[in-house]
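Student: Dropping a structure here in structure tokens format, bear with me for questions.
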Amino acid sequence: MKNLLQLLGVGAFGAAGWAAFLMTQDQGAPTVTTTTAVSGPAAAAETGAPAGLTIPRIAPRVALLPVGGPPSGAAGTALISGLPGYGRLAFLLPRQSRVTEAEARVVFTSEMPEGVNATLRISVNGQRRAEVMLPAGRDEREVTIPLAVQDLSRNALQLSFAITGVSTGALCGPHIGNALVTLQPGTRLDVLTARPISGTDDRFRAAGGIVTLAWPEDGTAQDGIGGGFGRPLADAEAAKLLDLAARAMREGMGLSFRPATGATEGAFLATTEELARMLAAPDPWRGGAQAPSWPLEIASGASGAALRSFTGSQSWRYAFSGADLPDDRMPGAIEYGLKLGPIATGDGRDIDGGGWLVSVTYNGHLIEAFNAGEGTLRRRAALPEGLTGQGNLLEISVGRGFGVDGACNDGPPLVAELLDDSVLLPGPAMPDGIDARLGRLLGTAPALEPDGTARLTLPEAQAAARLLADLPGFGIDGGSGTGGARLSVVRIIDLIESGQQHPEGWLYLRDGDGRALVRVDDAARTGQLADHAVGLLIRPAGAAPTPVGTAGPNAPPPAIGSGRAGDGAP
């Protein structure tokens, strides 16, 4: 998912306390409402309301999830750390069923060391709305922020977070310390709409731009997949579902498989017919995750506010997936701008090039580092081929380029800004060359063999769909063959334990470290195969198939869930 935005930073709030204060602004007139407790004597004491009363909430509610789904560590949206620390969540508002009233619900846990006074500041569309004082130790909070009419006048809304604070026990000054806030999955918008949310586009937006498809965990068909409950899911139906999911991923749509029951509140659990209509629409699904294009903006997606005030050093981090890059091209260069504030050594020394130290790293490798002075600078740096993988992290850091004598050399506060026109520029095609090799293996009419696909577990189905999405397209073999390459989803453990090999077959694999295309009979890479749950077996057109039930060194691997050699052979 491309539009997941993150942010992480600081500001001080010296007063210690356990209460959370909600500050809302209505035409410039702020009001303060406590949100730590919503009923009982504690609420009465903090709000001035009579004991036993409950602070009103919007009801009935419809939940809108953040772009990319509920906050999670896997997506990088859940953790806000540092002093300062920044974070951000975006929401897509329905376009047909307009929102008439809403409140933001922020559920989080905090972990604070002793001797640190910190505050979590929450802003709506850049306007400060709430500040919550964070107590020492571990704490759990829920903050509810009523949204103003002007907040709901656009098709999207952004919540941004900043941890600010000081340390009272640090030897070298108040700006040394750390804090951790973890946003919980209950974070969302609770809204009222002019009419029920029913259209696929609005349901897709309300779910954070994520489509959820039901996949049977126990091998029985679910409603919307096989036409009802209780009937075993046929391989042909499962293969069609994988094909549909792969097409959606190929178009850049966020998609995940889930059980038909127990889905996340607010999730868009689509039927196959609904998803097919979305993909066939002239304006594809019209959701929030539009396909990216070069150049890629890094300032808006970087982890942290563009403008930073700090001591010591600070970093802007931009994380992205290799699968989300446009045109299957890797970035070839970064072009960025920085506005650097005044900096002084304190002792009148001159630093060659200036007192700032600027560095750029990419996936743990230093790209460039140099000294700079006060003012605006613009740079372009090449990114070496071979560094880009499936998970990537670009980091731009700034700080003092000198030390100060003595135990404490924090220095005066500094200010710097990453300019909005900072971008990643495209480089050559995928450096691993796998796409070209896949194209040669697949030929013009590849076909997926359905055998065993209905017995895939839910995580295996998700992985299989991701593999199939990397292919330019394929058909589904109805049993007569297509004359093109034959594709099979195989469990790697079955392939290894069977001890059977097909010398003309290739396995396509992917994980967080990248993609691989491995010959099935390459014994030297057996260890690499063992790290994967499923792979895509590709038998090129013209490869001589082994008769069904025939064992031997040239027999194809067994079908998924089968213990017999040759099951699933064409």
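Naming works like this for the structure tokens: A, B, ... for the chains as they're shown, residue 1 at the start of each chain, ligands 1 onward in shown order.
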I'd like the neighbourhood of Arg519 in chain A as a PDB file with N, CA and C atoms, in the first residue's frame, where a residue qualifies if any of its atoms comes within 7 Å (using only C-alpha atoms), though same-chain residues fewer than 5 positions away should be ignored.
Tutor:
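The resulting file, part36.pdb, is reproduced below:
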```
ATOM      1  N   GLY A 505      12.023 -27.614 -14.552  1.00  0.00           N
ATOM      2  CA  GLY A 505      11.165 -26.735 -13.770  1.00  0.00           C
ATOM      3  C   GLY A 505      11.938 -25.677 -13.004  1.00  0.00           C
ATOM      4  N   TRP A 506      11.286 -24.546 -12.777  1.00  0.00           N
ATOM      5  CA  TRP A 506      11.851 -23.444 -12.014  1.00  0.00           C
ATOM      6  C   TRP A 506      10.882 -23.056 -10.911  1.00  0.00           C
ATOM      7  N   LEU A 507      11.445 -22.609  -9.789  1.00  0.00           N
ATOM      8  CA  LEU A 507      10.619 -22.112  -8.686  1.00  0.00           C
ATOM      9  C   LEU A 507      10.806 -20.606  -8.575  1.00  0.00           C
TER      10      LEU A 507
END
```
Student: Could you pull the residues within 9 Å of range 263-280 of chain A, counting only C-alpha atoms, minus those fewer than 6 positions along the same chain, as a PyMOL selection string?
Tutor: chain A and resi 62-65+69-70+200-201+203-214+223-225+241+244-245+247-248+251+286
Student: Can you pull out every residue within 9 Å of Leu468 in chain A, counting only C-alpha atoms, but drop anything in the same chain fewer than 3 positions away, and send it as an NGL selection string?
Tutor: :A and (242-243 or 245-247 or 250 or 463-465 or 471-474 or 536)
Student: Near Gly439 in chain A, within 12 Å and counting only C-alpha atoms, which residues show up once chain neighbours fewer than 6 positions away are dropped, as a list in words?
Tutor: Gly433, Ala445, Pro446, Asp470, Leu471, Pro472, Gly473, Phe474, Gly484, Ala485, Leu517, Ile538, Pro540 and Ala541 of chain A
Student: Per DSSP on the backbone, filter range 263-497 of chain A down to the residues in strand (DSSP E or B) and report them as a PDB file with N, CA and C atoms, in the first residue's frame.
Tutor:
```
ATOM      1  N   PHE A 268     -13.773  -4.015   4.523  1.00  0.00           N
ATOM      2  CA  PHE A 268     -14.568  -4.197   3.312  1.00  0.00           C
ATOM      3  C   PHE A 268     -14.401  -5.637   2.852  1.00  0.00           C
ATOM      4  N   LEU A 269     -15.305  -6.507   3.300  1.00  0.00           N
ATOM      5  CA  LEU A 269     -15.274  -7.915   2.918  1.00  0.00           C
ATOM      6  C   LEU A 269     -16.050  -8.049   1.616  1.00  0.00           C
ATOM      7  N   ALA A 270     -15.339  -8.043   0.495  1.00  0.00           N
ATOM      8  CA  ALA A 270     -15.964  -8.008  -0.827  1.00  0.00           C
ATOM      9  C   ALA A 270     -16.266  -9.417  -1.319  1.00  0.00           C
ATOM     10  N   LEU A 296       9.119   9.860  -7.141  1.00  0.00           N
ATOM     11  CA  LEU A 296       8.409   9.561  -5.899  1.00  0.00           C
ATOM     12  C   LEU A 296       8.735  10.623  -4.851  1.00  0.00           C
ATOM     13  N   GLU A 297       7.704  11.269  -4.331  1.00  0.00           N
ATOM     14  CA  GLU A 297       7.904  12.273  -3.295  1.00  0.00           C
ATOM     15  C   GLU A 297       8.299  11.591  -1.989  1.00  0.00           C
ATOM     16  N   SER A 303       9.090   9.618   7.585  1.00  0.00           N
ATOM     17  CA  SER A 303       8.742   9.450   8.983  1.00  0.00           C
ATOM     18  C   SER A 303       9.219  10.677   9.740  1.00  0.00           C
ATOM     19  N   LEU A 307       9.528  19.999   9.122  1.00  0.00           N
ATOM     20  CA  LEU A 307      10.286  20.962   9.912  1.00  0.00           C
ATOM     21  C   LEU A 307      10.611  20.356  11.266  1.00  0.00           C
ATOM     22  N   ARG A 308      11.879  20.369  11.652  1.00  0.00           N
ATOM     23  CA  ARG A 308      12.323  19.772  12.908  1.00  0.00           C
ATOM     24  C   ARG A 308      13.049  20.802  13.774  1.00  0.00           C
ATOM     25  N   SER A 309      12.759  20.778  15.069  1.00  0.00           N
ATOM     26  CA  SER A 309      13.534  21.520  16.062  1.00  0.00           C
ATOM     27  C   SER A 309      14.112  20.500  17.020  1.00  0.00           C
ATOM     28  N   PHE A 310      15.422  20.544  17.282  1.00  0.00           N
ATOM     29  CA  PHE A 310      16.069  19.457  18.000  1.00  0.00           C
ATOM     30  C   PHE A 310      17.418  19.913  18.529  1.00  0.00           C
ATOM     31  N   SER A 313      21.136  15.632  16.743  1.00  0.00           N
ATOM     32  CA  SER A 313      20.907  15.283  15.342  1.00  0.00           C
ATOM     33  C   SER A 313      19.485  14.765  15.168  1.00  0.00           C
ATOM     34  N   GLN A 314      19.011  14.780  13.928  1.00  0.00           N
ATOM     35  CA  GLN A 314      17.681  14.279  13.586  1.00  0.00           C
ATOM     36  C   GLN A 314      17.730  13.622  12.223  1.00  0.00           C
ATOM     37  N   SER A 315      16.726  12.753  11.958  1.00  0.00           N
ATOM     38  CA  SER A 315      16.679  12.021  10.689  1.00  0.00           C
ATOM     39  C   SER A 315      15.263  12.022  10.133  1.00  0.00           C
ATOM     40  N   TRP A 316      15.176  12.092   8.806  1.00  0.00           N
ATOM     41  CA  TRP A 316      13.921  11.830   8.095  1.00  0.00           C
ATOM     42  C   TRP A 316      14.077  10.455   7.438  1.00  0.00           C
ATOM     43  N   ARG A 317      13.115   9.602   7.660  1.00  0.00           N
ATOM     44  CA  ARG A 317      13.185   8.238   7.137  1.00  0.00           C
ATOM     45  C   ARG A 317      12.019   7.998   6.185  1.00  0.00           C
ATOM     46  N   TYR A 318      12.328   7.390   5.054  1.00  0.00           N
ATOM     47  CA  TYR A 318      11.319   7.070   4.048  1.00  0.00           C
ATOM     48  C   TYR A 318      11.436   5.584   3.736  1.00  0.00           C
ATOM     49  N   ALA A 319      10.406   4.840   4.093  1.00  0.00           N
ATOM     50  CA  ALA A 319      10.388   3.390   3.866  1.00  0.00           C
ATOM     51  C   ALA A 319       9.441   3.071   2.714  1.00  0.00           C
ATOM     52  N   PHE A 320       9.821   2.136   1.864  1.00  0.00           N
ATOM     53  CA  PHE A 320       8.964   1.740   0.753  1.00  0.00           C
ATOM     54  C   PHE A 320       9.269   0.306   0.359  1.00  0.00           C
ATOM     55  N   SER A 321       8.312  -0.289  -0.331  1.00  0.00           N
ATOM     56  CA  SER A 321       8.437  -1.673  -0.785  1.00  0.00           C
ATOM     57  C   SER A 321       8.853  -1.710  -2.247  1.00  0.00           C
ATOM     58  N   ARG A 329      10.762  -0.403 -12.104  1.00  0.00           N
ATOM     59  CA  ARG A 329      12.100   0.195 -12.130  1.00  0.00           C
ATOM     60  C   ARG A 329      12.535   0.548 -10.713  1.00  0.00           C
ATOM     61  N   MET A 330      13.801   0.368 -10.445  1.00  0.00           N
ATOM     62  CA  MET A 330      14.367   0.708  -9.156  1.00  0.00           C
ATOM     63  C   MET A 330      14.797   2.175  -9.144  1.00  0.00           C
ATOM     64  N   PRO A 331      14.810   2.807  -7.969  1.00  0.00           N
ATOM     65  CA  PRO A 331      15.293   4.184  -7.914  1.00  0.00           C
ATOM     66  C   PRO A 331      16.772   4.251  -8.268  1.00  0.00           C
ATOM     67  N   GLY A 332      17.137   5.286  -9.030  1.00  0.00           N
ATOM     68  CA  GLY A 332      18.522   5.437  -9.435  1.00  0.00           C
ATOM     69  C   GLY A 332      19.229   6.589  -8.763  1.00  0.00           C
ATOM     70  N   ALA A 333      18.453   7.532  -8.176  1.00  0.00           N
ATOM     71  CA  ALA A 333      19.067   8.695  -7.542  1.00  0.00           C
ATOM     72  C   ALA A 333      18.068   9.336  -6.596  1.00  0.00           C
ATOM     73  N   ILE A 334      18.589  10.091  -5.639  1.00  0.00           N
ATOM     74  CA  ILE A 334      17.769  10.911  -4.764  1.00  0.00           C
ATOM     75  C   ILE A 334      18.118  12.372  -5.043  1.00  0.00           C
ATOM     76  N   GLU A 335      17.080  13.173  -5.180  1.00  0.00           N
ATOM     77  CA  GLU A 335      17.237  14.608  -5.367  1.00  0.00           C
ATOM     78  C   GLU A 335      16.510  15.276  -4.211  1.00  0.00           C
ATOM     79  N   TYR A 336      17.238  15.986  -3.362  1.00  0.00           N
ATOM     80  CA  TYR A 336      16.614  16.490  -2.140  1.00  0.00           C
ATOM     81  C   TYR A 336      17.085  17.898  -1.827  1.00  0.00           C
ATOM     82  N   GLY A 337      16.274  18.579  -1.016  1.00  0.00           N
ATOM     83  CA  GLY A 337      16.607  19.919  -0.574  1.00  0.00           C
ATOM     84  C   GLY A 337      16.451  20.037   0.927  1.00  0.00           C
ATOM     85  N   LEU A 338      17.321  20.802   1.558  1.00  0.00           N
ATOM     86  CA  LEU A 338      17.283  21.041   3.000  1.00  0.00           C
ATOM     87  C   LEU A 338      17.396  22.541   3.258  1.00  0.00           C
ATOM     88  N   LYS A 339      16.651  23.009   4.234  1.00  0.00           N
ATOM     89  CA  LYS A 339      16.809  24.371   4.725  1.00  0.00           C
ATOM     90  C   LYS A 339      17.357  24.264   6.142  1.00  0.00           C
ATOM     91  N   LEU A 340      18.577  24.734   6.349  1.00  0.00           N
ATOM     92  CA  LEU A 340      19.290  24.571   7.605  1.00  0.00           C
ATOM     93  C   LEU A 340      19.368  25.907   8.332  1.00  0.00           C
ATOM     94  N   TRP A 356      27.179  22.304   9.933  1.00  0.00           N
ATOM     95  CA  TRP A 356      26.231  21.195   9.830  1.00  0.00           C
ATOM     96  C   TRP A 356      26.910  19.969   9.220  1.00  0.00           C
ATOM     97  N   LEU A 357      26.494  18.787   9.686  1.00  0.00           N
ATOM     98  CA  LEU A 357      26.897  17.529   9.062  1.00  0.00           C
ATOM     99  C   LEU A 357      25.647  16.878   8.492  1.00  0.00           C
ATOM    100  N   VAL A 358      25.642  16.644   7.185  1.00  0.00           N
ATOM    101  CA  VAL A 358      24.510  16.037   6.481  1.00  0.00           C
ATOM    102  C   VAL A 358      24.943  14.672   5.959  1.00  0.00           C
ATOM    103  N   SER A 359      24.098  13.665   6.142  1.00  0.00           N
ATOM    104  CA  SER A 359      24.410  12.328   5.617  1.00  0.00           C
ATOM    105  C   SER A 359      23.156  11.696   5.033  1.00  0.00           C
ATOM    106  N   VAL A 360      23.345  10.847   4.040  1.00  0.00           N
ATOM    107  CA  VAL A 360      22.262  10.089   3.405  1.00  0.00           C
ATOM    108  C   VAL A 360      22.660   8.624   3.407  1.00  0.00           C
ATOM    109  N   THR A 361      21.804   7.771   3.931  1.00  0.00           N
ATOM    110  CA  THR A 361      22.038   6.327   3.912  1.00  0.00           C
ATOM    111  C   THR A 361      20.865   5.635   3.230  1.00  0.00           C
ATOM    112  N   TYR A 362      21.143   4.490   2.613  1.00  0.00           N
ATOM    113  CA  TYR A 362      20.116   3.715   1.914  1.00  0.00           C
ATOM    114  C   TYR A 362      20.324   2.252   2.234  1.00  0.00           C
ATOM    115  N   HIS A 365      23.604   1.509   3.914  1.00  0.00           N
ATOM    116  CA  HIS A 365      24.837   1.870   3.211  1.00  0.00           C
ATOM    117  C   HIS A 365      24.922   3.393   3.103  1.00  0.00           C
ATOM    118  N   LEU A 366      26.105   3.928   3.349  1.00  0.00           N
ATOM    119  CA  LEU A 366      26.318   5.362   3.261  1.00  0.00           C
ATOM    120  C   LEU A 366      26.351   5.794   1.794  1.00  0.00           C
ATOM    121  N   ILE A 367      25.490   6.735   1.443  1.00  0.00           N
ATOM    122  CA  ILE A 367      25.447   7.268   0.081  1.00  0.00           C
ATOM    123  C   ILE A 367      26.319   8.512  -0.035  1.00  0.00           C
ATOM    124  N   GLU A 368      26.173   9.446   0.923  1.00  0.00           N
ATOM    125  CA  GLU A 368      27.048  10.609   0.945  1.00  0.00           C
ATOM    126  C   GLU A 368      26.994  11.249   2.325  1.00  0.00           C
ATOM    127  N   ALA A 369      28.037  12.002   2.653  1.00  0.00           N
ATOM    128  CA  ALA A 369      28.119  12.753   3.905  1.00  0.00           C
ATOM    129  C   ALA A 369      29.006  13.970   3.644  1.00  0.00           C
ATOM    130  N   PHE A 370      28.600  15.130   4.164  1.00  0.00           N
ATOM    131  CA  PHE A 370      29.349  16.355   3.901  1.00  0.00           C
ATOM    132  C   PHE A 370      28.973  17.415   4.933  1.00  0.00           C
ATOM    133  N   ASN A 371      29.813  18.445   5.047  1.00  0.00           N
ATOM    134  CA  ASN A 371      29.525  19.595   5.898  1.00  0.00           C
ATOM    135  C   ASN A 371      28.767  20.648   5.100  1.00  0.00           C
ATOM    136  N   ALA A 372      27.914  21.383   5.788  1.00  0.00           N
ATOM    137  CA  ALA A 372      27.127  22.432   5.140  1.00  0.00           C
ATOM    138  C   ALA A 372      26.939  23.584   6.107  1.00  0.00           C
ATOM    139  N   GLY A 375      21.433  27.947   5.603  1.00  0.00           N
ATOM    140  CA  GLY A 375      20.815  28.308   4.332  1.00  0.00           C
ATOM    141  C   GLY A 375      20.153  27.122   3.665  1.00  0.00           C
ATOM    142  N   THR A 376      19.805  27.292   2.394  1.00  0.00           N
ATOM    143  CA  THR A 376      19.118  26.253   1.618  1.00  0.00           C
ATOM    144  C   THR A 376      20.119  25.553   0.695  1.00  0.00           C
ATOM    145  N   LEU A 377      20.067  24.238   0.695  1.00  0.00           N
ATOM    146  CA  LEU A 377      20.930  23.469  -0.209  1.00  0.00           C
ATOM    147  C   LEU A 377      20.096  22.464  -0.986  1.00  0.00           C
ATOM    148  N   ARG A 378      20.559  22.142  -2.173  1.00  0.00           N
ATOM    149  CA  ARG A 378      19.922  21.121  -3.008  1.00  0.00           C
ATOM    150  C   ARG A 378      21.008  20.190  -3.518  1.00  0.00           C
ATOM    151  N   ARG A 379      20.720  18.887  -3.423  1.00  0.00           N
ATOM    152  CA  ARG A 379      21.723  17.885  -3.781  1.00  0.00           C
ATOM    153  C   ARG A 379      21.066  16.774  -4.611  1.00  0.00           C
ATOM    154  N   ARG A 380      21.914  16.121  -5.372  1.00  0.00           N
ATOM    155  CA  ARG A 380      21.503  14.913  -6.106  1.00  0.00           C
ATOM    156  C   ARG A 380      22.574  13.869  -5.897  1.00  0.00           C
ATOM    157  N   ALA A 381      22.166  12.670  -5.476  1.00  0.00           N
ATOM    158  CA  ALA A 381      23.114  11.591  -5.199  1.00  0.00           C
ATOM    159  C   ALA A 381      22.613  10.308  -5.859  1.00  0.00           C
ATOM    160  N   ALA A 382      23.521   9.575  -6.486  1.00  0.00           N
ATOM    161  CA  ALA A 382      23.181   8.314  -7.148  1.00  0.00           C
ATOM    162  C   ALA A 382      23.012   7.212  -6.109  1.00  0.00           C
ATOM    163  N   GLY A 391      12.090  -4.649   0.905  1.00  0.00           N
ATOM    164  CA  GLY A 391      11.902  -3.664   1.952  1.00  0.00           C
ATOM    165  C   GLY A 391      13.066  -2.686   1.935  1.00  0.00           C
ATOM    166  N   ASN A 392      12.785  -1.377   1.844  1.00  0.00           N
ATOM    167  CA  ASN A 392      13.841  -0.387   1.663  1.00  0.00           C
ATOM    168  C   ASN A 392      13.665   0.779   2.617  1.00  0.00           C
ATOM    169  N   LEU A 393      14.782   1.339   3.066  1.00  0.00           N
ATOM    170  CA  LEU A 393      14.754   2.473   3.982  1.00  0.00           C
ATOM    171  C   LEU A 393      15.791   3.500   3.551  1.00  0.00           C
ATOM    172  N   LEU A 394      15.306   4.698   3.240  1.00  0.00           N
ATOM    173  CA  LEU A 394      16.159   5.837   2.914  1.00  0.00           C
ATOM    174  C   LEU A 394      16.160   6.784   4.112  1.00  0.00           C
ATOM    175  N   GLU A 395      17.328   7.244   4.520  1.00  0.00           N
ATOM    176  CA  GLU A 395      17.433   8.083   5.714  1.00  0.00           C
ATOM    177  C   GLU A 395      18.314   9.292   5.416  1.00  0.00           C
ATOM    178  N   ILE A 396      17.765  10.482   5.686  1.00  0.00           N
ATOM    179  CA  ILE A 396      18.498  11.740   5.558  1.00  0.00           C
ATOM    180  C   ILE A 396      18.668  12.304   6.962  1.00  0.00           C
ATOM    181  N   SER A 397      19.928  12.497   7.382  1.00  0.00           N
ATOM    182  CA  SER A 397      20.226  12.923   8.749  1.00  0.00           C
ATOM    183  C   SER A 397      20.987  14.244   8.730  1.00  0.00           C
ATOM    184  N   VAL A 398      20.679  15.080   9.722  1.00  0.00           N
ATOM    185  CA  VAL A 398      21.391  16.343   9.887  1.00  0.00           C
ATOM    186  C   VAL A 398      21.739  16.500  11.358  1.00  0.00           C
ATOM    187  N   GLY A 399      22.829  17.227  11.633  1.00  0.00           N
ATOM    188  CA  GLY A 399      23.235  17.473  13.011  1.00  0.00           C
ATOM    189  C   GLY A 399      24.482  18.332  13.051  1.00  0.00           C
ATOM    190  N   ARG A 400      24.976  18.565  14.245  1.00  0.00           N
ATOM    191  CA  ARG A 400      26.205  19.330  14.407  1.00  0.00           C
ATOM    192  C   ARG A 400      27.395  18.531  13.899  1.00  0.00           C
ATOM    193  N   LEU A 414      18.600  23.377  17.500  1.00  0.00           N
ATOM    194  CA  LEU A 414      18.798  23.528  16.063  1.00  0.00           C
ATOM    195  C   LEU A 414      17.459  23.403  15.351  1.00  0.00           C
ATOM    196  N   VAL A 415      17.383  23.930  14.135  1.00  0.00           N
ATOM    197  CA  VAL A 415      16.170  23.800  13.341  1.00  0.00           C
ATOM    198  C   VAL A 415      16.563  23.492  11.905  1.00  0.00           C
ATOM    199  N   ALA A 416      15.824  22.537  11.285  1.00  0.00           N
ATOM    200  CA  ALA A 416      16.090  22.148   9.894  1.00  0.00           C
ATOM    201  C   ALA A 416      14.791  21.668   9.274  1.00  0.00           C
ATOM    202  N   GLU A 417      14.733  21.760   7.947  1.00  0.00           N
ATOM    203  CA  GLU A 417      13.514  21.367   7.225  1.00  0.00           C
ATOM    204  C   GLU A 417      13.891  20.602   5.968  1.00  0.00           C
ATOM    205  N   LEU A 418      13.199  19.478   5.739  1.00  0.00           N
ATOM    206  CA  LEU A 418      13.320  18.733   4.478  1.00  0.00           C
ATOM    207  C   LEU A 418      12.313  19.321   3.502  1.00  0.00           C
ATOM    208  N   VAL A 423      12.731  14.156  -3.896  1.00  0.00           N
ATOM    209  CA  VAL A 423      12.142  13.026  -4.620  1.00  0.00           C
ATOM    210  C   VAL A 423      13.179  11.939  -4.868  1.00  0.00           C
ATOM    211  N   LEU A 424      12.644  10.730  -5.150  1.00  0.00           N
ATOM    212  CA  LEU A 424      13.444   9.640  -5.702  1.00  0.00           C
ATOM    213  C   LEU A 424      13.248   9.627  -7.204  1.00  0.00           C
ATOM    214  N   LEU A 425      14.331   9.484  -7.954  1.00  0.00           N
ATOM    215  CA  LEU A 425      14.279   9.461  -9.407  1.00  0.00           C
ATOM    216  C   LEU A 425      14.487   8.034  -9.908  1.00  0.00           C
ATOM    217  N   PRO A 426      13.873   7.670 -11.035  1.00  0.00           N
ATOM    218  CA  PRO A 426      13.978   6.279 -11.514  1.00  0.00           C
ATOM    219  C   PRO A 426      15.355   5.960 -12.059  1.00  0.00           C
ATOM    220  N   GLY A 427      15.720   4.712 -11.918  1.00  0.00           N
ATOM    221  CA  GLY A 427      16.952   4.203 -12.501  1.00  0.00           C
ATOM    222  C   GLY A 427      16.624   3.206 -13.594  1.00  0.00           C
ATOM    223  N   PRO A 428      17.512   2.264 -13.859  1.00  0.00           N
ATOM    224  CA  PRO A 428      17.246   1.248 -14.880  1.00  0.00           C
ATOM    225  C   PRO A 428      16.197   0.253 -14.406  1.00  0.00           C
ATOM    226  N   ALA A 429      15.925  -0.746 -15.238  1.00  0.00           N
ATOM    227  CA  ALA A 429      14.939  -1.770 -14.896  1.00  0.00           C
ATOM    228  C   ALA A 429      15.417  -2.566 -13.693  1.00  0.00           C
ATOM    229  N   ALA A 447      -0.495 -20.892 -18.018  1.00  0.00           N
ATOM    230  CA  ALA A 447      -1.769 -21.299 -17.408  1.00  0.00           C
ATOM    231  C   ALA A 447      -1.513 -21.867 -16.029  1.00  0.00           C
ATOM    232  N   LEU A 448      -2.357 -21.457 -15.079  1.00  0.00           N
ATOM    233  CA  LEU A 448      -2.282 -21.964 -13.712  1.00  0.00           C
ATOM    234  C   LEU A 448      -3.054 -23.257 -13.598  1.00  0.00           C
ATOM    235  N   GLY A 475      -3.726 -17.636 -17.719  1.00  0.00           N
ATOM    236  CA  GLY A 475      -5.035 -18.252 -17.737  1.00  0.00           C
ATOM    237  C   GLY A 475      -5.107 -19.347 -16.689  1.00  0.00           C
ATOM    238  N   ILE A 476      -6.219 -20.032 -16.659  1.00  0.00           N
ATOM    239  CA  ILE A 476      -6.402 -21.165 -15.749  1.00  0.00           C
ATOM    240  C   ILE A 476      -6.634 -22.399 -16.597  1.00  0.00           C
ATOM    241  N   ARG A 486       3.296 -24.070 -17.774  1.00  0.00           N
ATOM    242  CA  ARG A 486       2.353 -24.538 -16.757  1.00  0.00           C
ATOM    243  C   ARG A 486       2.808 -24.061 -15.392  1.00  0.00           C
ATOM    244  N   LEU A 487       1.868 -23.467 -14.629  1.00  0.00           N
ATOM    245  CA  LEU A 487       2.148 -22.896 -13.321  1.00  0.00           C
ATOM    246  C   LEU A 487       1.453 -23.716 -12.251  1.00  0.00           C
ATOM    247  N   SER A 488       2.154 -23.973 -11.156  1.00  0.00           N
ATOM    248  CA  SER A 488       1.576 -24.686 -10.024  1.00  0.00           C
ATOM    249  C   SER A 488       2.040 -24.017  -8.736  1.00  0.00           C
ATOM    250  N   VAL A 489       1.108 -23.834  -7.811  1.00  0.00           N
ATOM    251  CA  VAL A 489       1.472 -23.376  -6.473  1.00  0.00           C
ATOM    252  C   VAL A 489       1.843 -24.606  -5.656  1.00  0.00           C
ATOM    253  N   VAL A 490       3.059 -24.620  -5.106  1.00  0.00           N
ATOM    254  CA  VAL A 490       3.527 -25.808  -4.385  1.00  0.00           C
ATOM    255  C   VAL A 490       3.995 -25.420  -2.992  1.00  0.00           C
ATOM    256  N   ARG A 491       3.776 -26.305  -2.058  1.00  0.00           N
ATOM    257  CA  ARG A 491       4.356 -26.156  -0.731  1.00  0.00           C
ATOM    258  C   ARG A 491       5.806 -26.624  -0.797  1.00  0.00           C
TER     259      ARG A 491
END
```
Student: Taking only C-alpha atoms into account, which of A:Ala118, A:Leu438, A:Ala461, A:Leu152 comes nearest Arg515 in chain A?
Tutor: A:Leu438
Student: Name the residues in contact with Leu529 in chain A at a cut-off of 9 Å, using only C-alpha atoms, excluding same-chain residues fewer than 4 positions from it; report them as an MDAnalysis selection string.
Tutor: chainID A and resid 492:493 496 507 509 518 525 533 535
Student: Taking N, CA, C and O atoms for each residue, export the selection above as a tab-separated table (two decimals), in the first residue's frame.
Tutor:
```tsv
chain	number	residue	atom	x	y	z
A	492	ILE	N	6.70	-25.79	-0.33
A	492	ILE	CA	8.13	-26.09	-0.44
A	492	ILE	C	8.48	-27.34	0.36
A	492	ILE	O	9.30	-28.15	-0.07
A	493	ILE	N	7.86	-27.51	1.52
A	493	ILE	CA	8.19	-28.68	2.34
A	493	ILE	C	7.82	-29.95	1.60
A	493	ILE	O	8.54	-30.96	1.67
A	496	ILE	N	10.56	-30.58	-1.02
A	496	ILE	CA	11.83	-31.06	-0.47
A	496	ILE	C	11.70	-32.49	0.04
A	496	ILE	O	12.54	-33.36	-0.24
A	507	LEU	N	11.45	-22.61	-9.79
A	507	LEU	CA	10.62	-22.11	-8.69
A	507	LEU	C	10.81	-20.61	-8.58
A	507	LEU	O	11.93	-20.11	-8.49
A	509	LEU	N	10.20	-17.44	-6.16
A	509	LEU	CA	10.04	-17.19	-4.72
A	509	LEU	C	10.18	-15.70	-4.46
A	509	LEU	O	10.84	-14.98	-5.20
A	518	VAL	N	14.74	-20.10	-9.01
A	518	VAL	CA	15.65	-21.20	-8.70
A	518	VAL	C	15.25	-22.45	-9.47
A	518	VAL	O	14.06	-22.81	-9.52
A	525	ARG	N	20.92	-24.82	-3.64
A	525	ARG	CA	20.05	-23.78	-3.12
A	525	ARG	C	18.88	-24.35	-2.33
A	525	ARG	O	17.88	-23.67	-2.12
A	533	ALA	N	7.45	-20.88	2.56
A	533	ALA	CA	6.32	-21.78	2.75
A	533	ALA	C	5.79	-22.27	1.41
A	533	ALA	O	5.53	-23.46	1.24
A	535	GLY	N	5.87	-21.67	-3.10
A	535	GLY	CA	6.54	-21.13	-4.27
A	535	GLY	C	5.69	-21.38	-5.49
A	535	GLY	O	4.70	-22.13	-5.45
```
Student: Looking only at alpha helix (DSSP H) from DSSP on the backbone, list the matching residues of range 244-491 of chain A as a PyMOL selection string.
Tutor: chain A and resi 244-250+272-280+434-442+458-469
Student: Compile the contact shell of Arg61 in chain A as a PyMOL selection string: residues with an atom at most 9 Å away, counting only C-alpha atoms, same-chain residues fewer than 3 positions apart removed.
Tutor: chain A and resi 58+102+190-193
